[in-house]
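*Asks:* Just passing along the structure, written as structure tokens.
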Amino acid sequence: MQRPRILHIFSRYGEVGGEEICFHAITEALSTIADVTPFVYSTEELFRSPHGPLTKMGYMLHNGDVEKKLRECLRENHYDAWIIHNTFPAMSPCVYELALHQPAPVIHYMHNYRSGCLNGVFYRNGASCFSCQGGNYLPGVMRSCWRKNATYSSLAAAVLYKTRHMGAWTRFSSYIAISRRQRELLIRTGIPEDKIRVIPHFIRQHPAPADGSPRRDVLYAGRLTQEKGVLQLVQAWELLSPPDRILYLMGDGPLRGELERYISSRHLESIRLTGFIPHEEQGAVRAACGLSVAPSLWEETFGMVVLESWLHGTPVIVTPNGGLPELITHGRNGWIAQKPSAESLAETLHTALKQEERWPSMGAHGQQLLSSTYSPAAWLRSMEALLGELRVFHSSSTPSAS
């Protein structure tokens, strides 16, 4: 059987994040069963272009450079399927216009909630917010939800309205959610229920062997942003003040200054802000930490931080938000806090710290899941099944739009 040809589309954000890491992992996994052509553009490319500021803003609505490159790609190759990950903000809805006017099946990978939210996270000013989920983005404009700027928010609303109006959230062949909770919320935004398939993420690396040394410290790994709940974790640690332990905050982001001031003013000497550390240089911190915490306040679409923690044999405390609790078997490979609050996190941390002797076995259970449920092989089986249903493996090369 001839290997199908897949066009794999992703618009990079201003900095590398989880979506981009997953895109590259998926490209690699797909390449074992198909000939994959990555089509990647970035916000940086748009901002570096010779166009003036107004033209660049207009390109968010229709990026002529992207359209030209994509049409050239389609003239040179015929594809049996498209997989689109993200087009916002730099690629523009022109990608969807071309996708909707060509005959190959199109799969949209949903990494966030952009179909019903200007900032894509259903979170605003310390609480969940679903004001725009039905496609009326005016509340998000009035509250300056995108980049905390009314002009940018108006532009984002125009882009998302155009995307919705052309049928990008209803007319594609399939949409992939990465957790059951994300699927529920995507249905509320108008994506047809029967078109959404849940395929969890996976992790490529093999579990790290334990060296047997004591690992008494606690780790938060991720962006330092309000919706990630880092301040609530710091406050929970302050409530407990566990002796002879360190809480490492490994990451960077806009909340760093506020965290530094809070930690300094409260004399919380057992909390260490490490800044961003590349994966290949995290060994020393990971080796010291036997427990991880994912204290998210928003509706997390999945929780790669949980898989990364299990990779290092570390159980995880999570909040009950989004897809996080779907990963955890309470008391078996981690703990689920009752609420996403400092008090509830402190209570759950207290329970976990009292059970330190169980951390290695709980982390080992997580590692077993990485070899089964969240392995590249498991993901590939699910993706092959979806591609098979869409007859990607049975179709001959189809003519493309030009």
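Numbering starts fresh at 1 for the residues of each chain in the structure tokens, the chains themselves are lettered A, B, ... in the order given, and ligands are numbered from 1 as they appear.
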So that I can see what lies close to stretch 311-323 of chain A, please list as a short mmCIF file (atom, residue, chain, number, x, y, z; two decimals) with all heavy atoms, in the first residue's frame the residues with an atom at most 7 Å from it, counting only C-alpha atoms and leaving out residues fewer than 2 positions away in the same chain.
*Replies:*
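The resulting around-v6.cif:
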data_model
loop_
_atom_site.label_atom_id
_atom_site.label_comp_id
_atom_site.auth_asym_id
_atom_site.auth_seq_id
_atom_site.Cartn_x
_atom_site.Cartn_y
_atom_site.Cartn_z
N SER A 179 -8.15 15.75 25.47
CA SER A 179 -8.72 15.22 26.70
C SER A 179 -10.23 15.21 26.57
O SER A 179 -10.80 15.91 25.73
CB SER A 179 -8.29 16.06 27.92
OG SER A 179 -8.86 17.35 27.86
N ARG A 180 -10.88 14.44 27.42
CA ARG A 180 -12.35 14.38 27.38
C ARG A 180 -12.95 15.73 27.79
O ARG A 180 -13.95 16.17 27.22
CB ARG A 180 -12.86 13.27 28.31
CG ARG A 180 -12.45 11.87 27.87
CD ARG A 180 -13.16 10.80 28.69
NE ARG A 180 -12.90 10.90 30.11
CZ ARG A 180 -11.84 10.37 30.73
NH1 ARG A 180 -10.92 9.73 30.02
NH2 ARG A 180 -11.68 10.50 32.04
N ARG A 181 -12.34 16.38 28.79
CA ARG A 181 -12.85 17.66 29.23
C ARG A 181 -12.72 18.70 28.12
O ARG A 181 -13.64 19.51 27.90
CB ARG A 181 -12.10 18.13 30.48
CG ARG A 181 -12.48 19.52 30.98
CD ARG A 181 -13.97 19.62 31.29
NE ARG A 181 -14.29 20.93 31.87
CZ ARG A 181 -15.52 21.40 32.00
NH1 ARG A 181 -16.56 20.69 31.60
NH2 ARG A 181 -15.73 22.59 32.54
N GLN A 182 -11.61 18.70 27.41
CA GLN A 182 -11.48 19.64 26.30
C GLN A 182 -12.56 19.38 25.26
O GLN A 182 -13.13 20.31 24.71
CB GLN A 182 -10.09 19.53 25.66
CG GLN A 182 -9.87 20.63 24.62
CD GLN A 182 -8.76 20.34 23.63
OE1 GLN A 182 -8.34 19.20 23.47
NE2 GLN A 182 -8.28 21.37 22.95
N PRO A 207 11.48 6.31 30.04
CA PRO A 207 11.56 6.67 31.45
C PRO A 207 12.99 6.63 31.97
O PRO A 207 13.78 5.75 31.62
CB PRO A 207 10.68 5.62 32.13
CG PRO A 207 9.70 5.21 31.08
CD PRO A 207 10.47 5.26 29.79
N ALA A 208 13.34 7.60 32.82
CA ALA A 208 14.69 7.67 33.38
C ALA A 208 14.81 6.71 34.56
O ALA A 208 13.94 6.67 35.43
CB ALA A 208 14.96 9.10 33.84
N GLY A 290 11.29 14.74 44.32
CA GLY A 290 10.56 13.48 44.26
C GLY A 290 9.07 13.66 44.08
O GLY A 290 8.32 12.69 43.99
N LEU A 291 8.63 14.92 44.02
CA LEU A 291 7.20 15.23 43.89
C LEU A 291 7.05 16.46 43.01
O LEU A 291 7.82 17.41 43.13
CB LEU A 291 6.59 15.49 45.28
CG LEU A 291 5.12 15.91 45.34
CD1 LEU A 291 4.22 14.76 44.91
CD2 LEU A 291 4.76 16.38 46.75
N SER A 292 6.05 16.43 42.12
CA SER A 292 5.76 17.58 41.27
C SER A 292 4.35 18.09 41.55
O SER A 292 3.50 17.34 42.03
CB SER A 292 5.88 17.21 39.78
OG SER A 292 7.21 16.88 39.45
N VAL A 293 4.11 19.36 41.19
CA VAL A 293 2.79 19.96 41.38
C VAL A 293 2.39 20.69 40.09
O VAL A 293 3.18 21.44 39.53
CB VAL A 293 2.76 20.96 42.56
CG1 VAL A 293 1.33 21.43 42.80
CG2 VAL A 293 3.34 20.33 43.81
N ALA A 294 1.16 20.45 39.63
CA ALA A 294 0.58 21.17 38.50
C ALA A 294 -0.65 21.90 39.03
O ALA A 294 -1.76 21.34 39.02
CB ALA A 294 0.21 20.21 37.37
N PRO A 295 -0.50 23.14 39.50
CA PRO A 295 -1.58 23.83 40.23
C PRO A 295 -2.50 24.68 39.37
O PRO A 295 -3.04 25.68 39.84
CB PRO A 295 -0.79 24.72 41.20
CG PRO A 295 0.44 25.10 40.41
CD PRO A 295 0.75 23.91 39.52
N SER A 296 -2.73 24.29 38.13
CA SER A 296 -3.44 25.12 37.15
C SER A 296 -4.81 25.58 37.63
O SER A 296 -5.57 24.83 38.24
CB SER A 296 -3.60 24.38 35.84
OG SER A 296 -2.35 24.30 35.17
N LEU A 297 -5.13 26.86 37.29
CA LEU A 297 -6.43 27.43 37.58
C LEU A 297 -7.35 27.38 36.36
O LEU A 297 -8.56 27.48 36.49
CB LEU A 297 -6.27 28.89 38.02
CG LEU A 297 -5.33 29.16 39.20
CD1 LEU A 297 -5.26 30.66 39.47
CD2 LEU A 297 -5.78 28.40 40.43
N TRP A 298 -6.77 27.25 35.16
CA TRP A 298 -7.57 27.25 33.94
C TRP A 298 -7.91 25.83 33.53
O TRP A 298 -7.45 24.86 34.12
CB TRP A 298 -6.84 28.00 32.82
CG TRP A 298 -5.66 27.29 32.20
CD1 TRP A 298 -4.46 27.02 32.77
CD2 TRP A 298 -5.59 26.76 30.85
NE1 TRP A 298 -3.63 26.37 31.89
CE2 TRP A 298 -4.28 26.21 30.71
CE3 TRP A 298 -6.46 26.72 29.78
CZ2 TRP A 298 -3.87 25.61 29.51
CZ3 TRP A 298 -6.03 26.13 28.60
CH2 TRP A 298 -4.75 25.59 28.47
N GLU A 299 -8.74 25.71 32.48
CA GLU A 299 -9.17 24.40 31.99
C GLU A 299 -8.07 23.79 31.11
O GLU A 299 -8.15 23.80 29.89
CB GLU A 299 -10.47 24.54 31.19
CG GLU A 299 -11.67 25.01 31.99
CD GLU A 299 -12.33 23.87 32.76
OE1 GLU A 299 -11.91 22.72 32.60
OE2 GLU A 299 -13.29 24.15 33.50
N GLU A 300 -7.04 23.26 31.75
CA GLU A 300 -5.92 22.67 31.02
C GLU A 300 -6.44 21.68 29.99
O GLU A 300 -7.25 20.80 30.30
CB GLU A 300 -4.98 21.94 31.97
CG GLU A 300 -4.08 22.82 32.78
CD GLU A 300 -2.77 23.17 32.08
OE1 GLU A 300 -2.59 22.80 30.90
OE2 GLU A 300 -1.93 23.83 32.73
N THR A 301 -5.96 21.80 28.75
CA THR A 301 -6.43 20.89 27.72
C THR A 301 -5.89 19.49 27.90
O THR A 301 -6.51 18.51 27.47
CB THR A 301 -6.03 21.41 26.33
OG1 THR A 301 -4.61 21.65 26.31
CG2 THR A 301 -6.77 22.70 26.00
N PHE A 302 -4.72 19.36 28.53
CA PHE A 302 -4.15 18.03 28.75
C PHE A 302 -3.30 18.05 30.02
O PHE A 302 -3.82 17.87 31.10
CB PHE A 302 -3.33 17.60 27.53
CG PHE A 302 -2.76 16.20 27.64
CD1 PHE A 302 -3.61 15.10 27.66
CD2 PHE A 302 -1.40 15.99 27.72
CE1 PHE A 302 -3.10 13.81 27.77
CE2 PHE A 302 -0.88 14.71 27.83
CZ PHE A 302 -1.73 13.62 27.85
N GLY A 303 -2.00 18.24 29.88
CA GLY A 303 -1.10 18.23 31.04
C GLY A 303 0.18 17.48 30.74
O GLY A 303 0.48 16.48 31.40
N VAL A 306 2.55 16.45 33.51
CA VAL A 306 2.35 15.20 34.25
C VAL A 306 3.18 14.09 33.62
O VAL A 306 3.89 13.34 34.31
CB VAL A 306 0.86 14.82 34.29
CG1 VAL A 306 0.67 13.44 34.94
CG2 VAL A 306 0.06 15.87 35.04
N LEU A 307 3.13 13.97 32.29
CA LEU A 307 3.90 12.95 31.61
C LEU A 307 5.40 13.16 31.80
O LEU A 307 6.15 12.20 32.00
CB LEU A 307 3.56 12.93 30.11
CG LEU A 307 2.38 12.05 29.66
CD1 LEU A 307 1.10 12.40 30.40
CD2 LEU A 307 2.18 12.15 28.15
N GLU A 308 5.82 14.41 31.76
CA GLU A 308 7.25 14.72 31.96
C GLU A 308 7.68 14.37 33.38
O GLU A 308 8.82 13.91 33.59
CB GLU A 308 7.50 16.19 31.66
CG GLU A 308 7.36 16.54 30.18
CD GLU A 308 7.27 18.03 29.94
OE1 GLU A 308 7.25 18.79 30.94
OE2 GLU A 308 7.21 18.43 28.76
N SER A 309 6.80 14.56 34.35
CA SER A 309 7.12 14.20 35.74
C SER A 309 7.22 12.69 35.88
O SER A 309 8.16 12.17 36.50
CB SER A 309 6.06 14.76 36.69
OG SER A 309 6.06 16.18 36.66
N PRO A 325 -7.14 15.98 35.86
CA PRO A 325 -7.57 14.83 36.68
C PRO A 325 -7.81 13.55 35.89
O PRO A 325 -7.88 12.47 36.48
CB PRO A 325 -8.86 15.32 37.35
CG PRO A 325 -9.34 16.44 36.51
CD PRO A 325 -8.11 17.09 35.93
N GLU A 326 -7.95 13.67 34.56
CA GLU A 326 -8.10 12.46 33.74
C GLU A 326 -6.82 11.64 33.71
O GLU A 326 -6.86 10.43 33.44
CB GLU A 326 -8.50 12.84 32.31
CG GLU A 326 -9.84 13.54 32.21
CD GLU A 326 -10.16 14.02 30.81
OE1 GLU A 326 -9.64 13.43 29.83
OE2 GLU A 326 -10.90 15.02 30.67
N ASN A 333 -0.81 7.29 41.30
CA ASN A 333 0.32 7.91 40.59
C ASN A 333 0.37 9.42 40.83
O ASN A 333 1.10 10.14 40.16
CB ASN A 333 0.26 7.62 39.09
CG ASN A 333 -1.11 7.92 38.50
OD1 ASN A 333 -1.76 8.88 38.88
ND2 ASN A 333 -1.54 7.08 37.56
N GLY A 334 -0.43 9.85 41.80
CA GLY A 334 -0.47 11.27 42.14
C GLY A 334 -1.66 11.56 43.03
O GLY A 334 -2.30 10.63 43.56
N TRP A 335 -1.96 12.84 43.19
CA TRP A 335 -3.08 13.26 44.03
C TRP A 335 -3.86 14.35 43.30
O TRP A 335 -3.26 15.17 42.58
CB TRP A 335 -2.60 13.81 45.37
CG TRP A 335 -1.98 12.81 46.28
CD1 TRP A 335 -2.59 12.08 47.27
CD2 TRP A 335 -0.60 12.41 46.31
NE1 TRP A 335 -1.69 11.27 47.92
CE2 TRP A 335 -0.45 11.44 47.34
CE3 TRP A 335 0.52 12.77 45.56
CZ2 TRP A 335 0.76 10.85 47.64
CZ3 TRP A 335 1.74 12.17 45.85
CH2 TRP A 335 1.86 11.23 46.88
N ILE A 336 -5.17 14.41 43.51
CA ILE A 336 -6.00 15.46 42.93
C ILE A 336 -6.53 16.33 44.06
O ILE A 336 -7.27 15.86 44.94
CB ILE A 336 -7.19 14.85 42.14
CG1 ILE A 336 -6.69 13.88 41.07
CG2 ILE A 336 -8.03 15.97 41.51
CD1 ILE A 336 -7.80 13.10 40.39
N ALA A 337 -6.13 17.59 44.07
CA ALA A 337 -6.64 18.52 45.07
C ALA A 337 -8.13 18.74 44.86
O ALA A 337 -8.62 18.69 43.73
CB ALA A 337 -5.88 19.85 44.98
N GLN A 338 -8.86 18.99 45.94
CA GLN A 338 -10.31 19.16 45.82
C GLN A 338 -10.67 20.45 45.11
O GLN A 338 -11.67 20.53 44.39
CB GLN A 338 -10.95 19.13 47.21
CG GLN A 338 -10.94 17.74 47.85
CD GLN A 338 -11.74 17.70 49.14
OE1 GLN A 338 -12.18 18.73 49.64
NE2 GLN A 338 -11.95 16.50 49.66
N LYS A 339 -9.86 21.51 45.30
CA LYS A 339 -10.13 22.81 44.69
C LYS A 339 -8.81 23.41 44.20
O LYS A 339 -7.75 23.09 44.72
CB LYS A 339 -10.77 23.77 45.70
CG LYS A 339 -12.11 23.31 46.25
CD LYS A 339 -12.62 24.30 47.29
CE LYS A 339 -13.95 23.86 47.89
NZ LYS A 339 -14.41 24.81 48.94
N PRO A 340 -8.89 24.32 43.22
CA PRO A 340 -7.68 25.01 42.77
C PRO A 340 -7.37 26.23 43.64
O PRO A 340 -7.33 27.36 43.15
CB PRO A 340 -8.03 25.40 41.33
CG PRO A 340 -9.50 25.62 41.37
CD PRO A 340 -10.05 24.64 42.38
N TRP A 359 6.44 7.69 47.17
CA TRP A 359 6.71 8.42 45.94
C TRP A 359 7.35 7.56 44.85
O TRP A 359 6.91 7.61 43.70
CB TRP A 359 7.59 9.64 46.22
CG TRP A 359 6.93 10.71 47.04
CD1 TRP A 359 5.64 10.73 47.51
CD2 TRP A 359 7.55 11.91 47.49
NE1 TRP A 359 5.41 11.87 48.23
CE2 TRP A 359 6.55 12.63 48.24
CE3 TRP A 359 8.81 12.47 47.36
CZ2 TRP A 359 6.83 13.86 48.83
CZ3 TRP A 359 9.08 13.70 47.94
CH2 TRP A 359 8.10 14.38 48.67
N PRO A 360 8.38 6.77 45.16
CA PRO A 360 9.00 5.97 44.09
C PRO A 360 8.04 4.99 43.42
O PRO A 360 8.03 4.87 42.19
CB PRO A 360 10.13 5.24 44.81
CG PRO A 360 10.46 6.10 46.00
CD PRO A 360 9.15 6.66 46.44
N MET A 362 4.76 5.20 43.29
CA MET A 362 3.74 5.96 42.57
C MET A 362 4.31 6.50 41.25
O MET A 362 3.64 6.45 40.21
CB MET A 362 3.22 7.10 43.43
CG MET A 362 2.46 6.64 44.67
SD MET A 362 1.93 7.99 45.75
CE MET A 362 0.60 8.71 44.79
N GLY A 363 5.54 6.98 41.30
CA GLY A 363 6.18 7.43 40.06
C GLY A 363 6.38 6.29 39.09
O GLY A 363 6.24 6.47 37.87
N ALA A 364 6.68 5.10 39.61
CA ALA A 364 6.86 3.92 38.75
C ALA A 364 5.56 3.55 38.05
O ALA A 364 5.56 3.11 36.89
CB ALA A 364 7.37 2.75 39.57
N GLN A 367 5.25 5.77 35.16
CA GLN A 367 6.15 5.34 34.08
C GLN A 367 5.55 4.18 33.29
O GLN A 367 5.73 4.09 32.07
CB GLN A 367 7.51 4.95 34.65
CG GLN A 367 8.31 6.14 35.16
CD GLN A 367 9.70 5.75 35.63
OE1 GLN A 367 9.91 4.64 36.12
NE2 GLN A 367 10.65 6.66 35.50
#
*Asks:* Quick one: residues within 6 Å of A:Cys132, only C-alpha atoms, excluding same-chain residues fewer than 5 positions away - as a CSV table (one decimal) with N, CA and C atoms, in the first residue's frame?
*Replies:*
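Okay, this is what ended up in around.csv:
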chain,number,residue,atom,x,y,z
A,116,GLY,N,-13.5,29.5,20.8
A,116,GLY,CA,-14.5,30.2,21.5
A,116,GLY,C,-14.0,31.2,22.6
A,117,CYS,N,-12.7,31.6,22.3
A,117,CYS,CA,-12.1,32.5,23.3
A,117,CYS,C,-10.9,33.2,22.7
A,137,TYR,N,-17.7,37.6,20.2
A,137,TYR,CA,-16.4,37.9,20.8
A,137,TYR,C,-16.4,39.3,21.4
*Asks:* For each of A:Arg272, A:Lys68, A:His165, A:Arg171, take the minimum atom-to-atom distance to A:Leu100, counting only C-alpha atoms, then give the residue where this is smallest.
*Replies:* A:Arg171
*Asks:* Would you tabulate, counting only C-alpha atoms, all residues of stretch 309-375 of chain A that have an atom at most 10 Å from an atom of stretch 224-232 of chain A, showing the closest pair of atoms and their distance in Å to one decimal, sorted by chain then ascending number, as a tab-separated table?
*Replies:*
residue	atom	partner	partner_atom	distance
A:Thr319	CA	A:Gly229	CA	9.3
A:Pro340	CA	A:Gly229	CA	7.8
A:Ser341	CA	A:Gln232	CA	6.2
A:Ala342	CA	A:Gln232	CA	4.7
A:Glu343	CA	A:Gln232	CA	8.4
A:Ser344	CA	A:Gln232	CA	9.7
A:Leu345	CA	A:Gln232	CA	7.9
A:Ala346	CA	A:Gln232	CA	9.3
*Asks:* Give the strand (DSSP E) residues of stretch 74-230 of chain A, as DSSP finds them on the backbone, and put them as a list in words.
*Replies:*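 Put together, the selection reads Ala81, Trp82, Ile83, Ile84, His85, Asn86, Val106, Ile107, His108, Tyr109, Tyr123, Arg124, Ala127, Ser128, Ser174, Tyr175, Ile176, Ala177, Ile196, Arg197, Val198, Asp217, Val218, Leu219, Tyr220 and Ala221 of chain A.
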*Asks:* Might you pull out every residue within 12 Å of stretch 193-200 of chain A, with only C-alpha atoms counted and same-chain residues fewer than 6 positions away left off, and present them as number ranges by chain?
*Replies:* A: 22, 26, 106-111, 169-187, 301-304, 307, 323-324, 326-327, 370, 373-387, 389-390
*Asks:* Output the selection as a compact mmCIF listing (two decimals), in the first residue's frame - N, CA and C atoms for each residue.
*Replies:*
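Listing of part23.txt after writing:
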# COMPACT_ATOMS: atom_id res chain seq x y z
N CYS A 22 4.86 19.53 20.77
CA CYS A 22 3.97 18.44 20.37
C CYS A 22 3.90 18.32 18.85
N ILE A 26 4.70 14.94 16.88
CA ILE A 26 3.69 14.33 16.00
C ILE A 26 4.23 14.18 14.59
N VAL A 106 -9.49 16.96 5.95
CA VAL A 106 -8.74 17.89 6.80
C VAL A 106 -9.03 17.57 8.26
N ILE A 107 -7.97 17.42 9.03
CA ILE A 107 -8.07 17.18 10.48
C ILE A 107 -7.52 18.40 11.19
N HIS A 108 -8.27 18.94 12.13
CA HIS A 108 -7.79 20.08 12.91
C HIS A 108 -7.45 19.61 14.32
N TYR A 109 -6.18 19.76 14.69
CA TYR A 109 -5.72 19.41 16.03
C TYR A 109 -6.00 20.60 16.95
N MET A 110 -6.80 20.41 17.98
CA MET A 110 -7.20 21.50 18.86
C MET A 110 -6.34 21.48 20.13
N HIS A 111 -5.38 22.39 20.22
CA HIS A 111 -4.49 22.46 21.39
C HIS A 111 -5.02 23.42 22.45
N TRP A 169 -14.89 25.72 11.99
CA TRP A 169 -15.17 24.94 13.20
C TRP A 169 -16.29 23.93 13.00
N THR A 170 -16.76 23.78 11.77
CA THR A 170 -17.84 22.81 11.52
C THR A 170 -17.60 21.94 10.28
N ARG A 171 -16.86 22.41 9.30
CA ARG A 171 -16.84 21.77 7.99
C ARG A 171 -15.67 20.82 7.74
N PHE A 172 -14.67 20.83 8.63
CA PHE A 172 -13.55 19.92 8.40
C PHE A 172 -13.96 18.48 8.70
N SER A 173 -13.14 17.55 8.24
CA SER A 173 -13.47 16.13 8.36
C SER A 173 -13.49 15.67 9.81
N SER A 174 -12.51 16.16 10.60
CA SER A 174 -12.41 15.72 12.00
C SER A 174 -11.64 16.75 12.81
N TYR A 175 -11.90 16.74 14.12
CA TYR A 175 -11.21 17.62 15.06
C TYR A 175 -10.67 16.74 16.18
N ILE A 176 -9.42 16.96 16.55
CA ILE A 176 -8.81 16.15 17.61
C ILE A 176 -8.73 16.97 18.89
N ALA A 177 -9.38 16.46 19.94
CA ALA A 177 -9.21 17.00 21.28
C ALA A 177 -8.21 16.12 22.01
N ILE A 178 -7.53 16.66 23.01
CA ILE A 178 -6.49 15.89 23.68
C ILE A 178 -6.90 15.44 25.09
N SER A 179 -8.15 15.75 25.47
CA SER A 179 -8.72 15.22 26.70
C SER A 179 -10.23 15.21 26.57
N ARG A 180 -10.88 14.44 27.42
CA ARG A 180 -12.35 14.38 27.38
C ARG A 180 -12.95 15.73 27.79
N ARG A 181 -12.34 16.38 28.79
CA ARG A 181 -12.85 17.66 29.23
C ARG A 181 -12.72 18.70 28.12
N GLN A 182 -11.61 18.70 27.41
CA GLN A 182 -11.48 19.64 26.30
C GLN A 182 -12.56 19.38 25.26
N ARG A 183 -12.84 18.12 24.98
CA ARG A 183 -13.89 17.80 24.01
C ARG A 183 -15.23 18.40 24.44
N GLU A 184 -15.57 18.26 25.72
CA GLU A 184 -16.83 18.83 26.23
C GLU A 184 -16.90 20.33 25.97
N LEU A 185 -15.80 21.02 26.24
CA LEU A 185 -15.79 22.47 26.08
C LEU A 185 -15.77 22.88 24.62
N LEU A 186 -15.14 22.11 23.77
CA LEU A 186 -15.13 22.42 22.33
C LEU A 186 -16.52 22.25 21.73
N ILE A 187 -17.28 21.29 22.23
CA ILE A 187 -18.65 21.11 21.75
C ILE A 187 -19.47 22.37 22.04
N THR A 301 -5.96 21.80 28.75
CA THR A 301 -6.43 20.89 27.72
C THR A 301 -5.89 19.49 27.90
N PHE A 302 -4.72 19.36 28.53
CA PHE A 302 -4.15 18.03 28.75
C PHE A 302 -3.30 18.05 30.02
N GLY A 303 -2.00 18.24 29.88
CA GLY A 303 -1.10 18.23 31.04
C GLY A 303 0.18 17.48 30.74
N MET A 304 0.95 17.96 29.74
CA MET A 304 2.22 17.31 29.42
C MET A 304 3.17 17.31 30.61
N LEU A 307 3.13 13.97 32.29
CA LEU A 307 3.90 12.95 31.61
C LEU A 307 5.40 13.16 31.80
N GLY A 323 -8.21 18.81 31.74
CA GLY A 323 -7.85 17.41 31.51
C GLY A 323 -6.91 16.83 32.54
N LEU A 324 -6.43 17.64 33.49
CA LEU A 324 -5.45 17.14 34.46
C LEU A 324 -5.94 15.93 35.26
N GLU A 326 -7.95 13.67 34.56
CA GLU A 326 -8.10 12.46 33.74
C GLU A 326 -6.82 11.64 33.71
N LEU A 327 -5.69 12.27 33.98
CA LEU A 327 -4.41 11.58 33.94
C LEU A 327 -4.10 10.86 35.25
N LEU A 370 3.35 5.55 30.72
CA LEU A 370 4.09 6.12 29.59
C LEU A 370 4.45 5.06 28.58
N THR A 373 -0.37 3.59 27.75
CA THR A 373 -1.42 4.53 27.35
C THR A 373 -0.88 5.77 26.65
N TYR A 374 0.26 6.29 27.10
CA TYR A 374 0.77 7.56 26.57
C TYR A 374 2.08 7.37 25.81
N SER A 375 2.18 6.27 25.11
CA SER A 375 3.37 5.98 24.31
C SER A 375 3.15 6.42 22.86
N PRO A 376 4.22 6.63 22.10
CA PRO A 376 4.07 6.93 20.67
C PRO A 376 3.28 5.85 19.93
N ALA A 377 3.47 4.59 20.33
CA ALA A 377 2.77 3.48 19.66
C ALA A 377 1.26 3.58 19.89
N ALA A 378 0.85 3.93 21.13
CA ALA A 378 -0.58 4.06 21.42
C ALA A 378 -1.18 5.21 20.63
N TRP A 379 -0.46 6.33 20.58
CA TRP A 379 -0.94 7.49 19.81
C TRP A 379 -1.07 7.12 18.34
N LEU A 380 -0.08 6.41 17.82
CA LEU A 380 -0.07 6.07 16.40
C LEU A 380 -1.23 5.14 16.05
N ARG A 381 -1.57 4.23 16.95
CA ARG A 381 -2.73 3.34 16.70
C ARG A 381 -4.01 4.16 16.58
N SER A 382 -4.18 5.12 17.48
CA SER A 382 -5.38 5.97 17.42
C SER A 382 -5.40 6.82 16.15
N MET A 383 -4.26 7.37 15.78
CA MET A 383 -4.20 8.20 14.57
C MET A 383 -4.41 7.36 13.32
N GLU A 384 -3.84 6.17 13.28
CA GLU A 384 -4.05 5.29 12.12
C GLU A 384 -5.52 4.93 11.97
N ALA A 385 -6.19 4.70 13.10
CA ALA A 385 -7.62 4.38 13.05
C ALA A 385 -8.41 5.55 12.47
N LEU A 386 -8.10 6.77 12.89
CA LEU A 386 -8.79 7.94 12.36
C LEU A 386 -8.51 8.13 10.87
N LEU A 387 -7.26 8.03 10.48
CA LEU A 387 -6.90 8.17 9.07
C LEU A 387 -7.56 7.09 8.22
N GLU A 389 -10.49 5.64 8.91
CA GLU A 389 -11.90 6.00 8.79
C GLU A 389 -12.12 7.07 7.73
N LEU A 390 -11.13 7.95 7.58
CA LEU A 390 -11.23 9.01 6.58
C LEU A 390 -10.72 8.55 5.21
*Asks:* Atom CA of A:Ser115 and atom CA of A:Met57, how far apart in Å?
*Replies:*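 Those two atoms sit 20.1 Å apart.
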*Asks:* Run DSSP on the backbone and grab whatever in stretch 105-183 of chain A lands in helix (DSSP H, G or I); send it over as a list of chain:residue names.
*Replies:*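 Helix (DSSP H, G or I) members of stretch 105-183 of chain A, listed: A:Arg114, A:Ser115, A:Gly116, A:Leu138, A:Pro139, A:Gly140, A:Val141, A:Met142, A:Ala150, A:Thr151, A:Tyr152, A:Ser153, A:Ser154, A:Leu155, A:Ala156, A:Ala157, A:Ala158, A:Val159, A:Leu160, A:Tyr161, A:Lys162, A:Thr163, A:Arg164, A:His165, A:Arg180, A:Arg181, A:Gln182, A:Arg183.
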*Asks:* For A:Gln133, which residue among A:Ile263, A:Ile191, A:Val36, A:Leu219 is the nearest when counting only C-alpha atoms?
*Replies:*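 Under the stated criterion, the closest residue is A:Ile191.
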*Asks:* Which neighbours of A:Thr43 fall inside 8 Å, counting only C-alpha atoms, when residues of the same chain fewer than 2 positions from it are skipped, and could you give them as a list in words?
*Replies:*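 Skipping anything fewer than 2 positions along the chain leaves Ser11, Arg12, Tyr13, Gly14, Tyr41, Glu45, Leu46, Phe47, Pro89 and Ala90 of chain A.
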*Asks:* Could you please determine the separation between atom CA of A:Phe393 and atom CA of A:Arg5 in Å, to one decimal place?
*Replies:*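 Answer for the atom CA of A:Phe393 to atom CA of A:Arg5 separation: 9.4 Å.
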*Asks:* Hey, can you check how far atom CA of A:Arg261 sits from atom CA of A:Ile246?
*Replies:*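 Going from atom CA of A:Arg261 over to atom CA of A:Ile246, I get 18.0 Å.
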*Asks:* Which of these residues is nearest to A:Val234, using only C-alpha atoms: A:His62, A:Arg216, A:His78, A:His267?
*Replies:*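 Ranking A:His62, A:Arg216, A:His78, A:His267 by distance to A:Val234, first place goes to A:His267.
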*Asks:* Show which residues sit within 10 Å of A:Pro242, as a PyMOL selection string. Count only C-alpha atoms, and ignore same-chain residues fewer than 2 positions away.
*Replies:* chain A and resi 237-240+244-247+270+349-350+353
